[in-house]
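S.K.: Provided herewith is a single structure, encoded as structure tokens, for subsequent inquiry.
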Amino acid sequence: MSQTNDNLYQHFADRFPADASAVCLDGSDGRSLTYGELAAQSARYASVLASLGVQPGDRVAAQVDKSLEAVCLYLGCLRAGAVFLPMNTAYQQGEVAHLLGDARPVVFAVRPALQAMAREVAAGVPGVQVLTLGDDGSGELAALAEAAPTDFAPVQRSRSDLAAILYTSGTTGKPKGAMLTHGNLLAGVSTLHAFWRFVPGDVLLHVLPIFHIHGLFVALHCALWNGSTIRFELRFDATRVVRLLPQSTVFMGVPTHYVRLLDEPGFDAEACRTMRLFVSGSAPLLPDTFQRFAERTGHTILERYGMTEGGMFTSNPYAGERRCGTVGQALPGVSVRVADEAGNALPAGTVGGIQVKGANVFAGYWQLPEKTAEEHTADGYFKTGDLGVMAADGYVNIVGRSKDLVISGGLNVYPKEVEEVIDDMPGVVESAVIGLPHADLGEAVTAVVVCRPGAAVSEADVVAHVKARLAGFKVPRAVHVVEDLPRNTMGKVQKNLLRAQFTA
Ligand code: MCA
Ligand code: AMP
């Protein structure tokens, strides 16, 4: 009896439109790919990876710009049975070095402009081959793909085989790799596709980066699962979005996207006339944004909640009440509870930790079994680190985080990482990094710094120091120099007091 192949690519391919000339990716740079070309191109990337020695289970890292080629590389990885490791393009040398050293990929695809840096980092990592991939069909990988065959049978995978590792930071220490299996991703996409009622003819307006769950495993996956055309915007431009909405039916974004759209004069009900769904997530959507959006367009944003460690956990309903300020109810197949530390579910209306379990929830942290165990309860729930309240009818409100985290424009910044970089500066005694309310970004990274007596450390010095070492979105938007940091009796910095002091 032949075994079913649960390679995620095989499941996508089984659902691709019968008409191979249907447009899949319609790029904002004027380039596009049909579904037939996507199948052929991704086969070529799979062949190239295999010829480079990539075996099923080997990691393939990519720090490349959003492009048609990046999608083909990703699908090629799935086909070859490799484990895809996407990296934020803003990561600097130190951040990349940690990920490469930890994941030990066999291939590292990089932007041509940054190949010197990539090669320097890779020199310290045994076994990794660096190959360039541009966003316009240029680069070494693209050239190899050009010459490769257009057929490649997807490698046999079971649901428990790894498909991707996405790194996510923690309150302490370095970023950890969240391992996602073919089964996790299959469960995620099939649930969302049905729950958000994708229909033939849907067109996705895709503006998110494709190195995080939201852009890659939520937006792109739902559209591929539906065989949809994807208006593939290589970067977010609110004016272009307003122009493209009348050719689209679904949009997914972070709250900053919605805030910026509301600043566009032409953004109104007429611009949204063909749209059936606006989804928001990755950060809290302010009630003001939710309400202004409804007044301006007649559409109610559907807010959902998830994490790198498993994709989506809760969603407001497609047909029922999309309740402002909530992230909706547990998605089908996902168990969500608000519980105490011991894992006891708390009564409705009580604040506690949000814990989740389901086929979409990750397989653990790469090579960190103890950390994985620590983050799970005895009965197998994953502790998200988010604090919430569940109403009697199951709607969840996220009220805070037990993890020290700032979310800026939908991107996570772990204060500890930024503090460590600032504390290394000559003249600095210590620092505390907090998030302060910001109209555009939701929260703005803010540093509070204590200097040595007589040391002249300016805001510009701190900004320049961090910028040289960490991704741009982690750089403080403001720096306050203080005499000392407020501490409680245990010696812990009272960040709530700092937030109150520096909130305008
Ligand atoms: C860019 N910059 C930022 C941010 N993004 N600063 C703070 N926070 C940000 N999020 C800085 C750059 O470093 C640069 O600084 C300047 O802004 C301009 O950069 P540019 O790339 O042009 O910015 P932008 O186009 O305005 O980007 C804003 C953005 C983007 C569109 C909101 O950040 C974005 O795409 N965010 C979405 C991220 C996302 O997909 N999150 C999902 C992950 P300088 O000028 O000084 O160099 S969370 C997830 O996946 C979970 C599962 C979930 O629930 O969804
Ligand atoms: P990441 O680790 O980058 O996947 O980010 C996941 C975190 O984003 C979650 O733990 C939440 O803190 C936050 N998050 C995602 N969606 C929402 C939402 N709709 N509202 C509030 N926070 C959210």
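By convention in this document, the chains of the structure tokens carry letters A, B, ... by their order, each chain's residues are numbered from 1, and ligands are numbered from 1 in the order they are shown.
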Check every protein, DNA and RNA residue against ligand 2, keep those with an atom at most 7 Å away (counting only C-alpha atoms and all ligand atoms), and present them as a ChimeraX atom specification.

M.R.: /A:168,213,280-285,303-309,327,384-386,398,401,411-412

S.K.: A:Asn344: which residues within 12 Å, counting only C-alpha atoms, same-chain residues fewer than 3 positions away excluded, as a ChimeraX atom specification?

M.R.: /A:337-341,347,352-355,377-379,381

S.K.: Give me the residues within 8 Å of A:Lys66 as a ChimeraX atom specification, counting only C-alpha atoms and dropping any in the same chain fewer than 5 places off.

M.R.: /A:71,135,209-210,234-235

S.K.: Ranking A:Val396, A:Lys176, A:Pro126, A:Val479 by minimum distance to A:Pro369 and counting only C-alpha atoms, which one comes first?

M.R.: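 So, comparing all the options, the nearest one is A:Lys176.
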
S.K.: Given the choices A:Cys222, A:Ala22, A:Ala455, A:Leu368, which gets closest to A:Asp102 if the distance is worked out from only C-alpha atoms?

M.R.: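 Selected residue with least distance to A:Asp102: A:Leu368.
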